[in-house]
file final_19.cif (mmCIF, C-alpha atoms)
data_data
#
loop_
_atom_site.label_atom_id
_atom_site.label_comp_id
_atom_site.auth_asym_id
_atom_site.auth_seq_id
_atom_site.Cartn_x
_atom_site.Cartn_y
_atom_site.Cartn_z
CA MET A 1 -0.21 -0.17 24.41
CA ASN A 2 -0.40 -3.96 23.95
CA SER A 3 1.51 -5.96 21.33
CA SER A 4 -1.29 -6.09 18.73
CA THR A 5 -1.79 -2.32 18.99
CA LEU A 6 1.94 -1.82 18.49
CA VAL A 7 1.89 -4.07 15.39
CA LEU A 8 -1.11 -2.11 14.11
CA ALA A 9 0.70 1.21 14.56
CA LEU A 10 3.84 -0.19 12.90
CA ALA A 11 1.83 -1.57 9.97
CA VAL A 12 0.13 1.77 9.34
CA PHE A 13 3.40 3.69 9.80
CA GLY A 14 5.28 1.39 7.41
CA ALA A 15 2.56 1.39 4.74
CA SER A 16 2.22 5.14 4.96
CA ALA A 17 5.99 5.65 4.77
CA VAL A 18 6.26 3.51 1.61
CA GLU A 19 3.44 5.34 -0.15
CA MET A 20 4.72 8.75 0.98
CA VAL A 21 8.20 8.02 -0.39
CA GLU A 22 6.57 7.32 -3.77
CA ALA A 23 4.46 10.49 -3.48
CA LEU A 24 7.54 12.53 -2.50
CA THR A 25 9.26 11.50 -5.74
CA ILE A 26 6.36 12.92 -7.77
CA VAL A 27 6.04 16.08 -5.65
CA THR A 28 9.81 16.72 -5.86
CA ALA A 29 9.72 16.31 -9.64
CA ALA A 30 6.75 18.69 -9.85
CA GLY A 31 8.45 21.19 -7.52
CA VAL A 32 11.76 21.22 -9.36
CA THR A 33 10.27 21.54 -12.85
CA ARG A 34 7.09 23.57 -12.28
CA GLY A 35 7.85 25.57 -9.12
CA TRP A 36 7.48 24.70 -5.45
CA ARG A 37 4.43 26.83 -4.72
CA SER A 38 2.04 24.78 -6.87
CA ALA A 39 3.64 21.48 -5.86
CA ILE A 40 3.24 22.23 -2.15
CA GLU A 41 -0.30 23.58 -2.59
CA GLY A 42 -1.29 20.47 -4.55
CA THR A 43 0.18 18.30 -1.81
CA LEU A 44 -1.64 20.15 0.98
CA VAL A 45 -5.00 20.02 -0.82
CA ALA A 46 -4.58 16.24 -1.37
CA VAL A 47 -3.74 15.73 2.32
CA VAL A 48 -6.86 17.68 3.33
CA VAL A 49 -9.07 15.61 0.98
CA LEU A 50 -7.56 12.34 2.25
CA THR A 51 -8.07 13.40 5.88
CA ALA A 52 -11.69 14.31 5.13
CA LEU A 53 -12.15 10.83 3.58
CA VAL A 54 -10.88 9.14 6.75
CA ILE A 55 -13.29 11.19 8.88
CA ALA A 56 -16.26 10.85 6.49
CA VAL A 57 -15.91 7.10 5.91
CA GLY A 58 -13.98 5.75 8.90
CA ILE A 59 -16.04 7.14 11.78
CA PRO A 60 -19.52 6.15 10.44
CA LEU A 61 -18.13 2.74 9.44
CA ALA A 62 -16.82 2.08 12.95
CA ARG A 63 -20.03 3.29 14.62
CA LEU A 64 -22.82 1.98 12.37
CA VAL A 65 -21.70 -1.38 10.97
CA PRO A 66 -21.88 -4.43 13.32
CA ILE A 67 -18.34 -5.24 14.43
CA ASP A 68 -18.31 -8.87 13.23
CA ILE A 69 -19.44 -7.97 9.70
CA LEU A 70 -16.96 -5.10 9.70
CA ARG A 71 -14.12 -7.42 10.70
CA VAL A 72 -14.87 -10.01 7.99
CA VAL A 73 -15.15 -7.41 5.20
CA ILE A 74 -12.23 -5.35 6.41
CA GLY A 75 -10.12 -8.41 7.14
CA ALA A 76 -10.74 -9.63 3.59
CA LEU A 77 -9.66 -6.25 2.17
CA LEU A 78 -6.51 -6.32 4.31
CA LEU A 79 -5.80 -9.86 3.16
CA VAL A 80 -6.10 -8.94 -0.54
CA LEU A 81 -3.85 -5.92 -0.07
CA GLY A 82 -1.36 -7.69 2.21
CA LEU A 83 -1.00 -10.75 -0.04
CA ASP A 84 -0.44 -8.53 -3.08
CA TRP A 85 2.34 -6.60 -1.32
CA LEU A 86 3.83 -9.84 -0.04
CA ARG A 87 3.76 -11.47 -3.48
CA LYS A 88 5.49 -8.50 -5.15
CA ALA A 89 8.07 -8.24 -2.33
CA VAL A 90 8.92 -11.97 -2.62
CA LEU A 91 9.22 -11.71 -6.43
CA ARG A 92 11.47 -8.64 -6.07
CA ALA A 93 13.59 -10.19 -3.30
CA SER A 94 14.17 -13.29 -5.43
CA GLY A 95 15.03 -11.32 -8.56
CA HIS A 96 11.89 -12.17 -10.55
CA LYS A 97 10.57 -8.63 -10.60
CA ALA A 98 12.46 -5.37 -11.04
CA LEU A 99 12.95 -3.33 -7.86
CA HIS A 100 10.93 -0.15 -7.54
CA ASP A 101 13.34 2.47 -8.90
CA GLU A 102 12.56 5.92 -7.50
CA ASP A 103 15.45 7.46 -9.48
CA ALA A 104 14.00 6.19 -12.78
CA ILE A 105 10.48 7.36 -11.86
CA TYR A 106 11.88 10.76 -10.87
CA ALA A 107 13.83 11.11 -14.13
CA ARG A 108 10.77 10.11 -16.18
CA THR A 109 8.48 12.54 -14.35
CA VAL A 110 10.98 15.42 -14.63
CA ALA A 111 11.42 14.76 -18.36
CA ASP A 112 7.66 14.63 -18.89
CA LEU A 113 6.93 17.80 -16.90
CA SER A 114 9.81 19.73 -18.47
CA SER A 115 8.42 19.06 -21.93
CA ARG A 116 5.02 20.58 -21.13
CA PRO A 117 4.45 24.30 -21.79
CA PRO A 118 4.27 26.52 -18.67
CA THR A 119 0.80 27.24 -17.28
CA ALA A 120 1.96 29.76 -14.68
CA ARG A 121 -0.06 32.96 -14.24
CA VAL A 122 3.17 34.93 -13.92
CA PRO A 123 6.50 34.22 -15.58
CA ALA A 124 8.33 31.40 -13.84
CA PRO A 125 11.61 32.29 -12.16
CA SER A 126 14.70 30.33 -13.10
CA GLY A 127 14.28 27.30 -10.83
CA GLY A 128 12.00 27.59 -7.80
CA THR A 129 13.67 27.36 -4.41
CA ARG A 130 12.29 26.37 -1.07
CA SER A 131 12.93 29.79 0.44
CA THR A 132 10.79 31.59 -2.12
CA TRP A 133 8.09 29.00 -2.71
CA ARG A 134 5.31 31.14 -1.20
CA HIS A 135 6.04 33.99 -3.62
CA GLY A 136 6.63 31.78 -6.66
CA PRO A 137 4.26 31.44 -9.59
CA ARG A 138 1.20 29.17 -9.60
CA ASP A 139 1.32 26.43 -12.20
CA ALA A 140 -1.73 24.29 -12.93
CA THR A 141 0.32 21.33 -14.17
CA GLY A 142 2.55 21.33 -11.10
CA PHE A 143 -0.47 21.56 -8.82
CA THR A 144 -2.34 18.75 -10.61
CA VAL A 145 0.63 16.39 -10.78
CA ALA A 146 1.45 16.89 -7.07
CA PHE A 147 -2.22 16.55 -6.09
CA LYS A 148 -2.73 13.38 -8.10
CA GLY A 149 0.53 11.87 -6.89
CA VAL A 150 -0.25 12.43 -3.23
CA PHE A 151 -3.95 11.57 -3.58
CA LEU A 152 -3.45 8.31 -5.46
CA GLU A 153 -0.55 7.11 -3.29
CA GLY A 154 -2.47 8.23 -0.20
CA MET A 155 -5.64 6.31 -1.11
CA GLU A 156 -4.06 3.00 -0.08
CA VAL A 157 -2.96 4.60 3.17
CA VAL A 158 -6.52 5.83 3.76
CA LEU A 159 -7.85 2.33 3.14
CA ILE A 160 -5.33 0.84 5.55
CA VAL A 161 -6.02 3.49 8.20
CA ILE A 162 -9.79 3.01 7.91
CA THR A 163 -9.68 -0.79 7.78
CA LEU A 164 -7.15 -1.33 10.57
CA GLY A 165 -8.41 1.57 12.68
CA ALA A 166 -12.14 0.86 12.39
CA SER A 167 -11.90 -2.90 12.97
CA SER A 168 -9.71 -2.55 16.06
CA GLY A 169 -11.33 0.58 17.50
CA HIS A 170 -8.06 2.51 17.10
CA LEU A 171 -8.94 4.90 14.26
CA ALA A 172 -7.23 7.83 16.00
CA LEU A 173 -4.04 5.84 16.63
CA ALA A 174 -3.98 4.57 13.02
CA SER A 175 -4.47 8.14 11.73
CA CYS A 176 -1.67 9.42 13.98
CA ALA A 177 0.71 6.66 12.79
CA ALA A 178 -0.02 7.57 9.14
CA GLY A 179 0.40 11.27 9.90
CA ALA A 180 3.71 10.61 11.69
CA ALA A 181 5.02 8.70 8.67
CA ALA A 182 4.00 11.54 6.34
CA VAL A 183 5.80 14.06 8.58
CA VAL A 184 8.96 11.92 8.86
CA VAL A 185 9.14 11.36 5.08
CA SER A 186 8.44 15.05 4.37
CA ILE A 187 11.18 16.18 6.76
CA ALA A 188 13.62 13.63 5.32
CA GLY A 189 12.74 14.77 1.79
CA TYR A 190 13.20 18.43 2.78
CA LEU A 191 16.56 17.76 4.44
CA VAL A 192 18.02 15.86 1.51
CA ALA A 193 16.13 18.10 -0.96
CA ARG A 194 15.29 15.29 -3.35
CA GLN A 195 13.43 12.00 -3.67
CA LEU A 196 14.37 9.24 -1.23
CA SER A 197 15.80 6.57 -3.52
CA GLU A 198 17.93 5.00 -0.76
CA VAL A 199 14.92 3.98 1.35
CA PRO A 200 14.77 0.15 1.33
CA GLU A 201 11.26 0.16 -0.09
CA ASN A 202 11.10 -3.56 -0.83
CA TRP A 203 11.95 -4.51 2.75
CA LEU A 204 9.38 -2.04 4.05
CA LYS A 205 6.78 -3.46 1.68
CA LEU A 206 7.66 -6.99 2.74
CA GLY A 207 7.26 -6.07 6.42
CA VAL A 208 3.99 -4.25 5.85
CA GLY A 209 2.69 -7.06 3.64
CA ILE A 210 3.39 -9.57 6.42
CA MET A 211 1.58 -7.40 8.99
CA LEU A 212 -1.43 -6.65 6.77
CA THR A 213 -1.79 -10.35 5.89
CA SER A 214 -1.60 -11.29 9.58
CA PHE A 215 -4.23 -8.72 10.55
CA GLY A 216 -6.42 -9.83 7.64
CA VAL A 217 -6.32 -13.49 8.70
CA PHE A 218 -6.93 -12.56 12.34
CA TRP A 219 -9.87 -10.19 11.71
CA VAL A 220 -11.65 -12.45 9.22
CA GLY A 221 -11.34 -15.30 11.73
CA GLU A 222 -12.55 -13.15 14.62
CA GLY A 223 -15.49 -11.80 12.61
CA ALA A 224 -16.47 -15.28 11.44
CA GLY A 225 -16.46 -16.55 15.03
CA VAL A 226 -13.13 -18.40 15.21
CA ARG A 227 -11.69 -18.28 18.73
CA TRP A 228 -7.95 -17.79 18.27
CA PRO A 229 -5.76 -19.28 21.01
CA GLY A 230 -4.09 -16.49 22.99
CA SER A 231 -6.55 -13.94 21.55
CA ASP A 232 -4.62 -10.86 20.27
CA LEU A 233 -1.27 -12.60 20.82
CA MET A 234 -2.18 -14.79 17.84
CA ILE A 235 -1.36 -11.79 15.61
CA LEU A 236 2.29 -12.09 16.62
CA VAL A 237 2.22 -15.82 15.87
CA LEU A 238 0.71 -15.10 12.44
CA VAL A 239 3.38 -12.44 11.80
CA ALA A 240 6.07 -15.05 12.57
CA VAL A 241 4.38 -17.66 10.35
CA PHE A 242 4.05 -15.34 7.34
CA ALA A 243 7.55 -13.87 7.81
CA THR A 244 8.97 -17.41 7.72
CA THR A 245 6.82 -18.25 4.69
CA ALA A 246 8.02 -15.13 2.84
CA ALA A 247 11.67 -15.92 3.64
CA LEU A 248 11.33 -19.54 2.49
CA LEU A 249 9.47 -18.53 -0.66
CA SER A 250 12.16 -15.93 -1.51
CA LEU A 251 14.93 -18.49 -1.00
CA GLY A 252 13.05 -21.14 -2.97
CA MET A 253 12.33 -18.79 -5.85
CA ARG A 254 15.94 -17.65 -5.92
CA LYS A 255 17.05 -21.29 -6.23
CA LEU A 256 14.47 -22.03 -8.93
CA GLY A 257 15.81 -19.19 -11.08
CA PRO A 258 13.89 -17.75 -14.01
CA SER A 259 11.10 -19.75 -15.59
CA ARG A 260 11.64 -21.51 -18.91
CA GLU A 261 9.18 -19.11 -20.52
CA ALA A 262 11.14 -16.13 -19.21
CA VAL A 263 14.45 -17.55 -20.43
CA ALA A 264 12.93 -18.28 -23.85
CA ALA A 265 11.63 -14.71 -24.01
CA GLY A 266 14.98 -13.36 -22.79
CA SER A 267 13.43 -11.42 -19.94
CA GLY A 268 14.39 -13.51 -16.91
CA HIS A 269 15.86 -11.73 -13.89
CA PRO A 270 18.10 -14.26 -12.16
CA SER A 271 19.78 -12.50 -9.23
CA MET B 1 -23.44 13.63 -16.78
CA THR B 2 -20.17 12.77 -18.49
CA ALA B 3 -18.26 13.84 -15.41
CA VAL B 4 -20.42 11.57 -13.24
CA VAL B 5 -19.87 8.62 -15.59
CA ARG B 6 -16.13 9.34 -15.63
CA ALA B 7 -16.06 9.48 -11.85
CA LEU B 8 -17.98 6.19 -11.58
CA GLU B 9 -15.65 4.56 -14.10
CA ALA B 10 -12.61 5.77 -12.16
CA PHE B 11 -14.18 4.49 -8.91
CA ALA B 12 -14.87 1.07 -10.47
CA LYS B 13 -11.35 0.95 -11.94
CA PHE B 14 -9.80 1.77 -8.57
CA TRP B 15 -11.64 -1.10 -6.87
CA ARG B 16 -10.94 -3.52 -9.74
CA ASP B 17 -7.22 -2.67 -9.58
CA PHE B 18 -7.28 -2.86 -5.79
CA LEU B 19 -9.14 -6.17 -5.48
CA ILE B 20 -7.97 -8.03 -8.56
CA GLY B 21 -5.02 -6.17 -10.12
CA ASP B 22 -2.59 -8.50 -11.88
CA ALA B 23 -3.11 -11.38 -9.43
CA PRO B 24 -6.76 -12.48 -9.60
CA GLU B 25 -5.80 -15.73 -7.83
CA LEU B 26 -5.23 -13.76 -4.62
CA PHE B 27 -8.77 -12.37 -4.80
CA VAL B 28 -10.10 -15.92 -5.30
CA GLY B 29 -7.88 -17.10 -2.43
CA THR B 30 -9.35 -14.45 -0.14
CA LEU B 31 -12.89 -15.56 -1.00
CA VAL B 32 -11.92 -19.18 -0.30
CA PHE B 33 -10.34 -18.07 2.98
CA VAL B 34 -13.51 -16.22 4.10
CA GLY B 35 -15.60 -19.28 3.20
CA ALA B 36 -13.26 -21.56 5.14
CA ALA B 37 -13.29 -19.22 8.17
CA LEU B 38 -17.10 -19.37 8.23
CA ALA B 39 -17.09 -23.15 7.72
CA PHE B 40 -14.56 -23.84 10.49
CA ARG B 41 -15.71 -21.19 12.96
CA HIS B 42 -16.90 -23.74 15.49
CA ARG B 43 -13.81 -25.94 15.11
CA GLY B 44 -11.13 -23.71 16.62
CA GLY B 45 -8.30 -26.27 16.55
CA VAL B 46 -8.80 -27.04 12.85
CA ALA B 47 -9.26 -23.37 11.94
CA VAL B 48 -5.96 -22.34 13.52
CA ILE B 49 -4.08 -24.78 11.26
CA VAL B 50 -6.19 -24.71 8.10
CA LEU B 51 -6.73 -20.94 7.73
CA PRO B 52 -3.05 -19.90 7.62
CA LEU B 53 -2.32 -22.87 5.33
CA ILE B 54 -4.92 -21.66 2.82
CA VAL B 55 -3.22 -18.25 2.76
CA ILE B 56 0.24 -19.82 2.36
CA ALA B 57 -0.99 -22.08 -0.46
CA PHE B 58 -2.51 -19.23 -2.46
CA LEU B 59 0.52 -16.99 -1.84
CA ALA B 60 2.92 -19.71 -3.03
CA GLY B 61 0.76 -20.38 -6.10
CA SER B 62 0.62 -16.69 -6.93
CA VAL B 63 4.39 -16.27 -6.53
CA LEU B 64 4.99 -19.24 -8.87
CA ARG B 65 2.58 -17.71 -11.37
CA GLY B 66 4.46 -14.40 -11.06
CA ARG B 67 7.74 -16.22 -11.75
CA ALA B 68 6.29 -17.74 -14.92
CA LYS B 69 5.24 -14.27 -16.08
CA SER B 70 8.58 -12.59 -15.17
#
call {"tool": "encode", "arguments": {"input": "final_19.cif", "output": "structure tokens"}}
result
Amino acid sequence: MNSSTLVLALAVFGASAVEMVEALTIVTAAGVTRGWRSAIEGTLVAVVVLTALVIAVGIPLARLVPIDILRVVIGALLLVLGLDWLRKAVLRASGHKALHDEDAIYARTVADLSSRPPTARVPAPSGGTRSTWRHGPRDATGFTVAFKGVFLEGMEVVLIVITLGASSGHLALASCAAGAAAVVVSIAGYLVARQLSEVPENWLKLGVGIMLTSFGVFWVGEGAGVRWPGSDLMILVLVAVFATTAALLSLGMRKLGPSREAVAAGSGHPS
Amino acid sequence: MTAVVRALEAFAKFWRDFLIGDAPELFVGTLVFVGAALAFRHRGGVAVIVLPLIVIAFLAGSVLRGRAKS
């Protein structure tokens, strides 16, 4: 495994882990309030649909589209996604945007789901447990919420797996890295039996944003016909350049403090 | 028919949110970057400097815009 392949695997693993932590919050809320059976079934169905999407879109894309066109289009998509993650991570790191609060999202989802009437086919037991989830009641709301949570959070992972995997010829490796992240997050969630609010999501997003941006720049250049010095090693140089940029931007923004408009509106977040 | 229209609308919304979201300047920056990559493809030395700088410039601009909105 060379260095660019390792960065690719890390980027997919990191992106997948971030999205899966967010999905786990929703699934846990659905499981606790509506029963684990429907939450787990909704999760599994979403995973199957997402896997089918990777196979149905990723493999034909890698085989049928000329590689240079594929790299420009896919590189551009990676760049848009990577820059957006990077921008939000810098704003959060410098105190200009609220951190992603899994506890608040969990509390909101639990409150929302608890207020809805039960849709179970059989009376719900008092609080579903992991040991009895297979024999618990089916609940349409729990199933739908878990399915939507995993499907929507997983769509970005699917895009990253397809784009990084297809453009580099490592679709299987990218899929395995995403699968590994999903397994690690699921096991961690099972062991602590709740959402993972202690995961340093912003740092993960910053790291993944840097890697996606670097891959985006590299692939667009390659597809357009730019000959990068050092070939694949240039990805590591780009990672270093964008990591430095993100650090300097975070420091600079921290020093600048809130904007005059934000202070006037009383919504500034100086850290 | 309504279901098809709803599905198409959801598909279009997903791509609009994905590509543009709340930072349309990054989408514009990406288009500029692709154009520059094509323009400088035969000038490797210039491309290596200019292409990352374009990305850094648009990222910095977008972060400043985000600060103003915070």
call {"tool": "residues_near_point", "arguments": {"input": "final_19.cif", "point": "(8.3, 12.7, -1.4)", "cutoff": "9 Å", "atoms": "all atoms listed in the file", "output": "ChimeraX atom specification"}}
result
/A:19-28,150,182,185-186,188-190,194-196
call {"tool": "residues_around", "arguments": {"input": "final_19.cif", "residues": "segment 19-22 of chain B", "least_positions_apart": "4", "cutoff": "7 Å", "atoms": "all atoms listed in the file", "output": "list in words"}}
result
Val80 of chain A; Trp15 and Phe27 of chain B
call {"tool": "interface_residues", "arguments": {"input": "final_19.cif", "of": "chain A", "to": "chain B", "cutoff": "9 Å", "atoms": "all atoms listed in the file", "output": "number ranges by chain"}}
result
A: 72, 76-77, 79-81, 83-84, 86-88, 90-91, 96-97, 156, 213-214, 217, 220-229, 238, 241-242, 245, 249, 253, 257-262, 267-269
call {"tool": "write_last_selection", "arguments": {"input": "final_19.cif", "atoms": "C-alpha atoms", "output": "mmCIF file, in the coordinates of the input"}}
result
data_model
loop_
_atom_site.group_PDB
_atom_site.id
_atom_site.type_symbol
_atom_site.label_atom_id
_atom_site.label_comp_id
_atom_site.auth_asym_id
_atom_site.auth_seq_id
_atom_site.Cartn_x
_atom_site.Cartn_y
_atom_site.Cartn_z
ATOM 1 C CA VAL A 72 -14.870 -10.010 7.990
ATOM 2 C CA ALA A 76 -10.740 -9.630 3.590
ATOM 3 C CA LEU A 77 -9.660 -6.250 2.170
ATOM 4 C CA LEU A 79 -5.800 -9.860 3.160
ATOM 5 C CA VAL A 80 -6.100 -8.940 -0.540
ATOM 6 C CA LEU A 81 -3.850 -5.920 -0.070
ATOM 7 C CA LEU A 83 -1.000 -10.750 -0.040
ATOM 8 C CA ASP A 84 -0.440 -8.530 -3.080
ATOM 9 C CA LEU A 86 3.830 -9.840 -0.040
ATOM 10 C CA ARG A 87 3.760 -11.470 -3.480
ATOM 11 C CA LYS A 88 5.490 -8.500 -5.150
ATOM 12 C CA VAL A 90 8.920 -11.970 -2.620
ATOM 13 C CA LEU A 91 9.220 -11.710 -6.430
ATOM 14 C CA HIS A 96 11.890 -12.170 -10.550
ATOM 15 C CA LYS A 97 10.570 -8.630 -10.600
ATOM 16 C CA GLU A 156 -4.060 3.000 -0.080
ATOM 17 C CA THR A 213 -1.790 -10.350 5.890
ATOM 18 C CA SER A 214 -1.600 -11.290 9.580
ATOM 19 C CA VAL A 217 -6.320 -13.490 8.700
ATOM 20 C CA VAL A 220 -11.650 -12.450 9.220
ATOM 21 C CA GLY A 221 -11.340 -15.300 11.730
ATOM 22 C CA GLU A 222 -12.550 -13.150 14.620
ATOM 23 C CA GLY A 223 -15.490 -11.800 12.610
ATOM 24 C CA ALA A 224 -16.470 -15.280 11.440
ATOM 25 C CA GLY A 225 -16.460 -16.550 15.030
ATOM 26 C CA VAL A 226 -13.130 -18.400 15.210
ATOM 27 C CA ARG A 227 -11.690 -18.280 18.730
ATOM 28 C CA TRP A 228 -7.950 -17.790 18.270
ATOM 29 C CA PRO A 229 -5.760 -19.280 21.010
ATOM 30 C CA LEU A 238 0.710 -15.100 12.440
ATOM 31 C CA VAL A 241 4.380 -17.660 10.350
ATOM 32 C CA PHE A 242 4.050 -15.340 7.340
ATOM 33 C CA THR A 245 6.820 -18.250 4.690
ATOM 34 C CA LEU A 249 9.470 -18.530 -0.660
ATOM 35 C CA MET A 253 12.330 -18.790 -5.850
ATOM 36 C CA GLY A 257 15.810 -19.190 -11.080
ATOM 37 C CA PRO A 258 13.890 -17.750 -14.010
ATOM 38 C CA SER A 259 11.100 -19.750 -15.590
ATOM 39 C CA ARG A 260 11.640 -21.510 -18.910
ATOM 40 C CA GLU A 261 9.180 -19.110 -20.520
ATOM 41 C CA ALA A 262 11.140 -16.130 -19.210
ATOM 42 C CA SER A 267 13.430 -11.420 -19.940
ATOM 43 C CA GLY A 268 14.390 -13.510 -16.910
ATOM 44 C CA HIS A 269 15.860 -11.730 -13.890
#
call {"tool": "atom_distance", "arguments": {"input": "final_19.cif", "atom1": "atom CA of Ile67 of chain A", "atom2": "atom CA of Val158 of chain A"}}
result
19.4 Å
call {"tool": "residues_near_point", "arguments": {"input": "final_19.cif", "point": "(11.1, -11.5, 4.2)", "cutoff": "10 Å", "atoms": "only C-alpha atoms", "output": "tab-separated table (two decimals) with C-alpha atoms, in the frame of the given file"}}
result
chain	number	residue	atom	x	y	z
A	86	LEU	CA	3.83	-9.84	-0.04
A	89	ALA	CA	8.07	-8.24	-2.33
A	90	VAL	CA	8.92	-11.97	-2.62
A	93	ALA	CA	13.59	-10.19	-3.30
A	202	ASN	CA	11.10	-3.56	-0.83
A	203	TRP	CA	11.95	-4.51	2.75
A	204	LEU	CA	9.38	-2.04	4.05
A	205	LYS	CA	6.78	-3.46	1.68
A	206	LEU	CA	7.66	-6.99	2.74
A	207	GLY	CA	7.26	-6.07	6.42
A	209	GLY	CA	2.69	-7.06	3.64
A	210	ILE	CA	3.39	-9.57	6.42
A	242	PHE	CA	4.05	-15.34	7.34
A	243	ALA	CA	7.55	-13.87	7.81
A	244	THR	CA	8.97	-17.41	7.72
A	245	THR	CA	6.82	-18.25	4.69
A	246	ALA	CA	8.02	-15.13	2.84
A	247	ALA	CA	11.67	-15.92	3.64
A	248	LEU	CA	11.33	-19.54	2.49
A	249	LEU	CA	9.47	-18.53	-0.66
A	250	SER	CA	12.16	-15.93	-1.51
A	251	LEU	CA	14.93	-18.49	-1.00
call {"tool": "residues_around", "arguments": {"input": "final_19.cif", "residues": "Val54 of chain A", "least_positions_apart": "5", "cutoff": "12 Å", "atoms": "only C-alpha atoms", "output": "mmCIF file with C-alpha atoms, in the frame of the given file"}}
result
data_model
loop_
_atom_site.group_PDB
_atom_site.id
_atom_site.type_symbol
_atom_site.label_atom_id
_atom_site.label_comp_id
_atom_site.auth_asym_id
_atom_site.auth_seq_id
_atom_site.Cartn_x
_atom_site.Cartn_y
_atom_site.Cartn_z
ATOM 1 C CA VAL A 47 -3.740 15.730 2.320
ATOM 2 C CA VAL A 48 -6.860 17.680 3.330
ATOM 3 C CA VAL A 49 -9.070 15.610 0.980
ATOM 4 C CA ILE A 59 -16.040 7.140 11.780
ATOM 5 C CA PRO A 60 -19.520 6.150 10.440
ATOM 6 C CA LEU A 61 -18.130 2.740 9.440
ATOM 7 C CA ALA A 62 -16.820 2.080 12.950
ATOM 8 C CA GLY A 154 -2.470 8.230 -0.200
ATOM 9 C CA MET A 155 -5.640 6.310 -1.110
ATOM 10 C CA GLU A 156 -4.060 3.000 -0.080
ATOM 11 C CA VAL A 157 -2.960 4.600 3.170
ATOM 12 C CA VAL A 158 -6.520 5.830 3.760
ATOM 13 C CA LEU A 159 -7.850 2.330 3.140
ATOM 14 C CA ILE A 160 -5.330 0.840 5.550
ATOM 15 C CA VAL A 161 -6.020 3.490 8.200
ATOM 16 C CA ILE A 162 -9.790 3.010 7.910
ATOM 17 C CA THR A 163 -9.680 -0.790 7.780
ATOM 18 C CA LEU A 164 -7.150 -1.330 10.570
ATOM 19 C CA GLY A 165 -8.410 1.570 12.680
ATOM 20 C CA ALA A 166 -12.140 0.860 12.390
ATOM 21 C CA LEU A 171 -8.940 4.900 14.260
ATOM 22 C CA ALA A 172 -7.230 7.830 16.000
ATOM 23 C CA ALA A 174 -3.980 4.570 13.020
ATOM 24 C CA SER A 175 -4.470 8.140 11.730
ATOM 25 C CA CYS A 176 -1.670 9.420 13.980
ATOM 26 C CA ALA A 178 -0.020 7.570 9.140
ATOM 27 C CA GLY A 179 0.400 11.270 9.900
#
call {"tool": "atom_distance", "arguments": {"input": "final_19.cif", "atom1": "atom CA of Gly216 of chain A", "atom2": "atom CA of Gly82 of chain A"}}
result
7.7 Å
call {"tool": "atom_distance", "arguments": {"input": "final_19.cif", "atom1": "atom CA of Leu8 of chain B", "atom2": "atom CA of Val145 of chain A"}}
result
21.2 Å
call {"tool": "closest_residue", "arguments": {"input": "final_19.cif", "among": "A:Gly75, A:Gly58, A:Gly35, A:Gly149", "to": "Trp219 of chain A", "atoms": "only C-alpha atoms"}}
result
A:Gly75
call {"tool": "resolve_selection", "arguments": {"input": "final_19.cif", "expression": "the PyMOL selection byres ((chain A and resi 39) around 12)", "output": "tab-separated table (two decimals) with C-alpha atoms, in the coordinates of the input"}}
result
chain	number	residue	atom	x	y	z
A	23	ALA	CA	4.46	10.49	-3.48
A	24	LEU	CA	7.54	12.53	-2.50
A	25	THR	CA	9.26	11.50	-5.74
A	26	ILE	CA	6.36	12.92	-7.77
A	27	VAL	CA	6.04	16.08	-5.65
A	28	THR	CA	9.81	16.72	-5.86
A	29	ALA	CA	9.72	16.31	-9.64
A	30	ALA	CA	6.75	18.69	-9.85
A	31	GLY	CA	8.45	21.19	-7.52
A	32	VAL	CA	11.76	21.22	-9.36
A	33	THR	CA	10.27	21.54	-12.85
A	34	ARG	CA	7.09	23.57	-12.28
A	35	GLY	CA	7.85	25.57	-9.12
A	36	TRP	CA	7.48	24.70	-5.45
A	37	ARG	CA	4.43	26.83	-4.72
A	38	SER	CA	2.04	24.78	-6.87
A	40	ILE	CA	3.24	22.23	-2.15
A	41	GLU	CA	-0.30	23.58	-2.59
A	42	GLY	CA	-1.29	20.47	-4.55
A	43	THR	CA	0.18	18.30	-1.81
A	44	LEU	CA	-1.64	20.15	0.98
A	45	VAL	CA	-5.00	20.02	-0.82
A	46	ALA	CA	-4.58	16.24	-1.37
A	128	GLY	CA	12.00	27.59	-7.80
A	129	THR	CA	13.67	27.36	-4.41
A	130	ARG	CA	12.29	26.37	-1.07
A	133	TRP	CA	8.09	29.00	-2.71
A	134	ARG	CA	5.31	31.14	-1.20
A	136	GLY	CA	6.63	31.78	-6.66
A	137	PRO	CA	4.26	31.44	-9.59
A	138	ARG	CA	1.20	29.17	-9.60
A	139	ASP	CA	1.32	26.43	-12.20
A	140	ALA	CA	-1.73	24.29	-12.93
A	141	THR	CA	0.32	21.33	-14.17
A	142	GLY	CA	2.55	21.33	-11.10
A	143	PHE	CA	-0.47	21.56	-8.82
A	144	THR	CA	-2.34	18.75	-10.61
A	145	VAL	CA	0.63	16.39	-10.78
A	146	ALA	CA	1.45	16.89	-7.07
A	147	PHE	CA	-2.22	16.55	-6.09
A	148	LYS	CA	-2.73	13.38	-8.10
A	149	GLY	CA	0.53	11.87	-6.89
A	150	VAL	CA	-0.25	12.43	-3.23
